[in-house]
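K.L.:
Just one file: data-v4.tsv, with TSV, N, CA and C atoms.
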```
chain	number	residue	atom	x	y	z
A	1	MET	N	3.19	0.30	-15.48
A	1	MET	CA	1.90	0.04	-14.87
A	1	MET	C	0.80	0.30	-15.88
A	2	PHE	N	-0.25	-0.44	-15.74
A	2	PHE	CA	-1.41	-0.20	-16.58
A	2	PHE	C	-2.66	-0.55	-15.81
A	3	SER	N	-3.76	0.06	-16.20
A	3	SER	CA	-5.03	-0.20	-15.53
A	3	SER	C	-5.71	-1.38	-16.19
A	4	LYS	N	-6.42	-2.12	-15.41
A	4	LYS	CA	-7.16	-3.26	-15.92
A	4	LYS	C	-8.64	-2.98	-15.69
A	5	GLU	N	-9.47	-3.27	-16.67
A	5	GLU	CA	-10.90	-3.05	-16.51
A	5	GLU	C	-11.58	-4.37	-16.19
A	6	ASN	N	-12.54	-4.32	-15.26
A	6	ASN	CA	-13.29	-5.53	-14.94
A	6	ASN	C	-14.46	-5.67	-15.91
A	7	ARG	N	-15.29	-6.66	-15.69
A	7	ARG	CA	-16.38	-6.98	-16.63
A	7	ARG	C	-17.36	-5.84	-16.82
A	8	GLU	N	-17.58	-5.05	-15.77
A	8	GLU	CA	-18.53	-3.95	-15.87
A	8	GLU	C	-17.91	-2.71	-16.53
A	9	GLY	N	-16.63	-2.76	-16.85
A	9	GLY	CA	-15.97	-1.63	-17.48
A	9	GLY	C	-15.37	-0.64	-16.49
A	10	ASN	N	-15.44	-0.94	-15.19
A	10	ASN	CA	-14.85	-0.06	-14.18
A	10	ASN	C	-13.36	-0.34	-14.08
A	11	LYS	N	-12.59	0.72	-13.84
A	11	LYS	CA	-11.15	0.52	-13.68
A	11	LYS	C	-10.87	-0.03	-12.30
A	12	THR	N	-9.91	-0.94	-12.23
A	12	THR	CA	-9.51	-1.53	-10.97
A	12	THR	C	-8.12	-1.03	-10.62
A	13	VAL	N	-7.54	-1.54	-9.55
A	13	VAL	CA	-6.22	-1.12	-9.10
A	13	VAL	C	-5.20	-1.38	-10.19
A	14	LYS	N	-4.26	-0.48	-10.34
A	14	LYS	CA	-3.21	-0.67	-11.33
A	14	LYS	C	-2.39	-1.91	-10.98
A	15	ILE	N	-2.06	-2.69	-11.97
A	15	ILE	CA	-1.29	-3.91	-11.77
A	15	ILE	C	0.18	-3.54	-11.61
A	16	GLN	N	0.78	-4.07	-10.58
A	16	GLN	CA	2.18	-3.82	-10.29
A	16	GLN	C	2.97	-5.11	-10.53
A	17	PHE	N	4.23	-4.98	-10.86
A	17	PHE	CA	5.08	-6.14	-11.07
A	17	PHE	C	6.06	-6.27	-9.92
A	18	PHE	N	6.24	-7.50	-9.43
A	18	PHE	CA	7.07	-7.75	-8.26
A	18	PHE	C	8.52	-7.33	-8.48
A	19	ASP	N	9.00	-7.40	-9.70
A	19	ASP	CA	10.40	-7.04	-9.99
A	19	ASP	C	10.71	-5.61	-9.56
A	20	GLU	N	9.72	-4.73	-9.63
A	20	GLU	CA	9.93	-3.34	-9.24
A	20	GLU	C	10.13	-3.18	-7.74
A	21	TYR	N	9.68	-4.15	-6.95
A	21	TYR	CA	9.72	-4.05	-5.49
A	21	TYR	C	10.76	-4.97	-4.87
A	22	GLU	N	11.37	-5.82	-5.67
A	22	GLU	CA	12.25	-6.86	-5.15
A	22	GLU	C	13.44	-6.30	-4.38
A	23	LYS	N	13.93	-5.11	-4.75
A	23	LYS	CA	15.08	-4.54	-4.04
A	23	LYS	C	14.69	-4.05	-2.64
A	24	ASN	N	13.42	-3.71	-2.42
A	24	ASN	CA	12.96	-3.20	-1.12
A	24	ASN	C	12.36	-4.30	-0.25
A	25	VAL	N	11.66	-5.24	-0.85
A	25	VAL	CA	11.01	-6.34	-0.12
A	25	VAL	C	11.42	-7.62	-0.82
A	26	LYS	N	12.00	-8.55	-0.07
A	26	LYS	CA	12.63	-9.72	-0.69
A	26	LYS	C	11.67	-10.83	-1.10
A	27	SER	N	10.47	-10.87	-0.56
A	27	SER	CA	9.55	-11.95	-0.94
A	27	SER	C	8.15	-11.38	-1.21
A	28	LYS	N	7.38	-12.13	-1.96
A	28	LYS	CA	6.02	-11.71	-2.29
A	28	LYS	C	5.15	-11.69	-1.04
A	29	TYR	N	5.39	-12.62	-0.12
A	29	TYR	CA	4.64	-12.66	1.13
A	29	TYR	C	4.85	-11.38	1.93
A	30	LYS	N	6.12	-10.98	2.08
A	30	LYS	CA	6.41	-9.76	2.83
A	30	LYS	C	5.82	-8.53	2.14
A	31	LEU	N	5.85	-8.52	0.81
A	31	LEU	CA	5.25	-7.41	0.07
A	31	LEU	C	3.75	-7.35	0.34
A	32	CYS	N	3.09	-8.49	0.28
A	32	CYS	CA	1.65	-8.55	0.52
A	32	CYS	C	1.31	-8.08	1.93
A	33	MET	N	2.07	-8.53	2.92
A	33	MET	CA	1.83	-8.13	4.30
A	33	MET	C	2.07	-6.63	4.50
A	34	ALA	N	3.16	-6.12	3.93
A	34	ALA	CA	3.48	-4.70	4.08
A	34	ALA	C	2.40	-3.82	3.44
A	35	VAL	N	1.99	-4.19	2.23
A	35	VAL	CA	0.98	-3.39	1.53
A	35	VAL	C	-0.35	-3.44	2.27
A	36	SER	N	-0.75	-4.62	2.74
A	36	SER	CA	-2.05	-4.72	3.40
A	36	SER	C	-2.08	-3.93	4.71
A	37	ARG	N	-1.01	-4.00	5.48
A	37	ARG	CA	-0.97	-3.25	6.74
A	37	ARG	C	-0.97	-1.75	6.50
A	38	ARG	N	-0.14	-1.31	5.57
A	38	ARG	CA	-0.07	0.12	5.30
A	38	ARG	C	-1.36	0.64	4.66
A	39	ALA	N	-1.97	-0.16	3.80
A	39	ALA	CA	-3.23	0.25	3.17
A	39	ALA	C	-4.33	0.42	4.22
A	40	ARG	N	-4.35	-0.46	5.22
A	40	ARG	CA	-5.34	-0.31	6.30
A	40	ARG	C	-5.12	0.99	7.05
A	41	GLU	N	-3.85	1.30	7.36
A	41	GLU	CA	-3.55	2.55	8.04
A	41	GLU	C	-3.97	3.76	7.19
A	42	LEU	N	-3.63	3.70	5.92
A	42	LEU	CA	-3.97	4.81	5.03
A	42	LEU	C	-5.48	4.96	4.87
A	43	GLY	N	-6.19	3.85	4.83
A	43	GLY	CA	-7.65	3.90	4.75
A	43	GLY	C	-8.24	4.62	5.95
A	44	ASP	N	-7.74	4.28	7.14
A	44	ASP	CA	-8.20	4.95	8.36
A	44	ASP	C	-7.86	6.44	8.32
A	45	TYR	N	-6.66	6.76	7.84
A	45	TYR	CA	-6.25	8.15	7.75
A	45	TYR	C	-7.15	8.93	6.78
A	46	LEU	N	-7.42	8.36	5.61
A	46	LEU	CA	-8.23	9.05	4.61
A	46	LEU	C	-9.67	9.27	5.09
A	47	VAL	N	-10.22	8.29	5.80
A	47	VAL	CA	-11.57	8.46	6.35
A	47	VAL	C	-11.57	9.56	7.41
A	48	ALA	N	-10.57	9.56	8.28
A	48	ALA	CA	-10.48	10.58	9.32
A	48	ALA	C	-10.28	11.96	8.71
A	49	ALA	N	-9.46	12.05	7.68
A	49	ALA	CA	-9.22	13.35	7.03
A	49	ALA	C	-10.49	13.86	6.36
A	50	ARG	N	-11.25	12.96	5.77
A	50	ARG	CA	-12.51	13.35	5.11
A	50	ARG	C	-13.52	13.85	6.15
A	51	ASN	N	-13.50	13.25	7.34
A	51	ASN	CA	-14.42	13.65	8.41
A	51	ASN	C	-13.84	14.74	9.30
A	52	MET	N	-12.67	15.24	8.93
A	52	MET	CA	-11.97	16.29	9.67
A	52	MET	C	-11.72	15.89	11.12
A	53	GLU	N	-11.30	14.65	11.33
A	53	GLU	CA	-10.95	14.15	12.66
A	53	GLU	C	-9.43	14.15	12.80
A	54	ARG	N	-8.97	14.20	14.03
A	54	ARG	CA	-7.54	14.12	14.30
A	54	ARG	C	-7.19	12.68	14.65
A	55	VAL	N	-6.17	12.15	14.01
A	55	VAL	CA	-5.71	10.79	14.28
A	55	VAL	C	-4.19	10.77	14.37
A	56	ASN	N	-3.67	9.74	14.98
A	56	ASN	CA	-2.23	9.57	15.12
A	56	ASN	C	-1.70	8.57	14.09
A	57	ILE	N	-2.06	8.76	12.85
A	57	ILE	CA	-1.61	7.90	11.76
A	57	ILE	C	-0.77	8.75	10.82
A	58	ILE	N	0.31	8.19	10.36
A	58	ILE	CA	1.20	8.92	9.46
A	58	ILE	C	0.49	9.12	8.12
A	59	ARG	N	0.50	10.35	7.65
A	59	ARG	CA	-0.13	10.68	6.37
A	59	ARG	C	0.63	10.01	5.23
A	60	PRO	N	0.06	9.98	4.02
A	60	PRO	CA	0.78	9.38	2.89
A	60	PRO	C	2.14	10.05	2.68
A	61	LEU	N	3.16	9.23	2.44
A	61	LEU	CA	4.53	9.72	2.34
A	61	LEU	C	4.96	10.01	0.91
A	62	VAL	N	4.08	9.79	-0.04
A	62	VAL	CA	4.38	10.07	-1.45
A	62	VAL	C	3.31	11.00	-2.02
A	63	ASP	N	3.70	11.77	-3.01
A	63	ASP	CA	2.74	12.62	-3.71
A	63	ASP	C	2.20	11.82	-4.89
A	64	ILE	N	0.92	11.50	-4.83
A	64	ILE	CA	0.30	10.69	-5.87
A	64	ILE	C	-1.12	11.23	-6.08
A	65	ASP	N	-1.60	11.15	-7.29
A	65	ASP	CA	-2.93	11.68	-7.62
A	65	ASP	C	-4.04	10.68	-7.36
A	66	SER	N	-3.88	9.83	-6.40
A	66	SER	CA	-4.87	8.79	-6.12
A	66	SER	C	-5.27	8.83	-4.65
A	67	TYR	N	-6.49	8.45	-4.39
A	67	TYR	CA	-6.97	8.31	-3.02
A	67	TYR	C	-7.18	6.84	-2.67
A	68	ASP	N	-6.62	5.96	-3.48
A	68	ASP	CA	-6.73	4.52	-3.25
A	68	ASP	C	-5.60	4.09	-2.30
A	69	PRO	N	-5.95	3.59	-1.11
A	69	PRO	CA	-4.92	3.21	-0.14
A	69	PRO	C	-3.93	2.17	-0.67
A	70	LEU	N	-4.39	1.22	-1.48
A	70	LEU	CA	-3.48	0.22	-2.04
A	70	LEU	C	-2.45	0.85	-2.97
A	71	GLU	N	-2.91	1.72	-3.82
A	71	GLU	CA	-2.00	2.36	-4.77
A	71	GLU	C	-0.97	3.23	-4.04
A	72	ILE	N	-1.41	3.93	-2.99
A	72	ILE	CA	-0.49	4.75	-2.20
A	72	ILE	C	0.52	3.86	-1.49
A	73	ALA	N	0.07	2.76	-0.90
A	73	ALA	CA	0.96	1.84	-0.18
A	73	ALA	C	2.00	1.24	-1.13
A	74	PHE	N	1.58	0.81	-2.32
A	74	PHE	CA	2.53	0.29	-3.30
A	74	PHE	C	3.57	1.35	-3.67
A	75	SER	N	3.14	2.58	-3.85
A	75	SER	CA	4.07	3.66	-4.22
A	75	SER	C	5.06	3.94	-3.09
A	76	GLU	N	4.60	3.90	-1.85
A	76	GLU	CA	5.49	4.14	-0.72
A	76	GLU	C	6.56	3.06	-0.63
A	77	ILE	N	6.18	1.82	-0.84
A	77	ILE	CA	7.16	0.74	-0.79
A	77	ILE	C	8.12	0.82	-1.96
A	78	LYS	N	7.61	1.13	-3.13
A	78	LYS	CA	8.44	1.22	-4.33
A	78	LYS	C	9.50	2.31	-4.17
A	79	GLU	N	9.12	3.43	-3.56
A	79	GLU	CA	10.05	4.54	-3.35
A	79	GLU	C	10.85	4.39	-2.05
A	80	ASN	N	10.69	3.25	-1.39
A	80	ASN	CA	11.43	2.92	-0.16
A	80	ASN	C	11.19	3.95	0.95
A	81	LYS	N	9.95	4.41	1.07
A	81	LYS	CA	9.58	5.39	2.09
A	81	LYS	C	9.22	4.70	3.42
A	82	ILE	N	8.82	3.43	3.37
A	82	ILE	CA	8.48	2.72	4.59
A	82	ILE	C	9.28	1.43	4.66
A	83	GLY	N	9.57	1.01	5.87
A	83	GLY	CA	10.26	-0.26	6.09
A	83	GLY	C	9.29	-1.27	6.65
A	84	PHE	N	9.69	-2.52	6.62
A	84	PHE	CA	8.77	-3.57	7.08
A	84	PHE	C	9.56	-4.74	7.62
A	85	ASP	N	9.19	-5.16	8.82
A	85	ASP	CA	9.76	-6.35	9.44
A	85	ASP	C	8.62	-7.23	9.90
A	86	ILE	N	8.74	-8.53	9.65
A	86	ILE	CA	7.73	-9.49	10.11
A	86	ILE	C	8.11	-9.92	11.52
A	87	PRO	N	7.16	-9.86	12.47
A	87	PRO	CA	7.45	-10.37	13.81
A	87	PRO	C	7.84	-11.85	13.76
A	88	LYS	N	8.68	-12.29	14.68
A	88	LYS	CA	9.17	-13.67	14.71
A	88	LYS	C	8.05	-14.69	14.73
A	89	GLU	N	6.95	-14.40	15.43
A	89	GLU	CA	5.84	-15.35	15.52
A	89	GLU	C	5.22	-15.63	14.15
A	90	GLU	N	5.10	-14.61	13.30
A	90	GLU	CA	4.49	-14.80	11.98
A	90	GLU	C	5.42	-15.54	11.03
A	91	GLU	N	6.73	-15.35	11.18
A	91	GLU	CA	7.68	-16.03	10.29
A	91	GLU	C	7.67	-17.54	10.52
A	92	GLU	N	7.44	-17.96	11.76
A	92	GLU	CA	7.48	-19.38	12.10
A	92	GLU	C	6.25	-20.13	11.64
A	93	LYS	N	5.16	-19.44	11.37
A	93	LYS	CA	3.91	-20.10	10.97
A	93	LYS	C	3.97	-20.65	9.59
```
Translate this file's structure into structure tokens.
P.N.:
Amino acid sequence: MFSKENREGNKTVKIQFFDEYEKNVKSKYKLCMAVSRRARELGDYLVAARNMERVNIIRPLVDIDSYDPLEIAFSEIKENKIGFDIPKEEEEK
């Protein structure tokens, strides 16, 4: 993994390679869906934790030095900490 800098010189999300996730998620579409759903959950959790609110969302399942929900979600999938199934309705579309 490596960080990529945008035009303003700010660091963006670390670039991940699909080959690292292929054993856990068989297609790029499923990977994208799994990461986006989990990142939304983690974002809600991190906001609630910062505001000291109680929520029924599973905390991050990996130890990582980042507060970026996307990076945490990618790490959870890479370490096979979460599973993902697409509902039948979405597969048919």
K.L.:
Could you please determine the separation between CA of Gly43 in chain A and atom N of Asn56 in chain A in Å, to one decimal place?
P.N.:
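Distance reported for this atom pair: 12.4 Å.
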K.L.:
Counting only C-alpha atoms, find residues at most 12 Å from (10.7, -4.7, 5.9) (file frame) and give them as a ChimeraX atom specification.
P.N.:
/A:21-35,37-38,77,80-87
K.L.:
Please measure the separation of CA of Asp44 in chain A and CA of Asp19 in chain A, giving the value in Å to one decimal.
P.N.:
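Answer for the CA of Asp44 in chain A to CA of Asp19 in chain A separation: 28.7 Å.
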K.L.:
I need the residue nearest Ala39 in chain A from this list: A:Leu70, A:Met52, A:Val62, A:Ile57. Use all atoms listed in the file for the distance.
P.N.:
A:Leu70
K.L.:
Of the candidates A:Leu42, A:Ala48, A:Phe18, A:Glu53, which one gets nearest to Ile72 in chain A if we count only C-alpha atoms?
P.N.:
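Using only C-alpha atoms, the shortest distance to Ile72 in chain A belongs to A:Leu42.
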K.L.:
Given all atoms listed in the file as the basis, pick out the residue of A:Pro69, A:Ile58, A:Glu76, A:Ile64 nearest to Arg40 in chain A.
P.N.:
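Closest to Arg40 in chain A, using all atoms listed in the file: A:Pro69.
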K.L.:
Taking into account only C-alpha atoms, which residue in the set A:Phe74, A:Asp63, A:Glu20, A:Asp68 is nearest to Val47 in chain A?
P.N.:
A:Asp68
K.L.:
Produce the centre coordinates and the three edge lengths, each in Å to one decimal, of the box along x, y and z that contains all listed atoms of range 70-83 of chain A with 6 Å added on each side, as lines of an AutoDock Vina configuration file.
P.N.:
```
center_x = 3.5
center_y = 2.1
center_z = 0.9
size_x = 27.8
size_y = 18.7
size_z = 23.4
```
K.L.:
Distance CA of Lys78 in chain A-CA of Pro60 in chain A, one decimal place?
P.N.:
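Computing it gives 13.3 Å between the two atoms.
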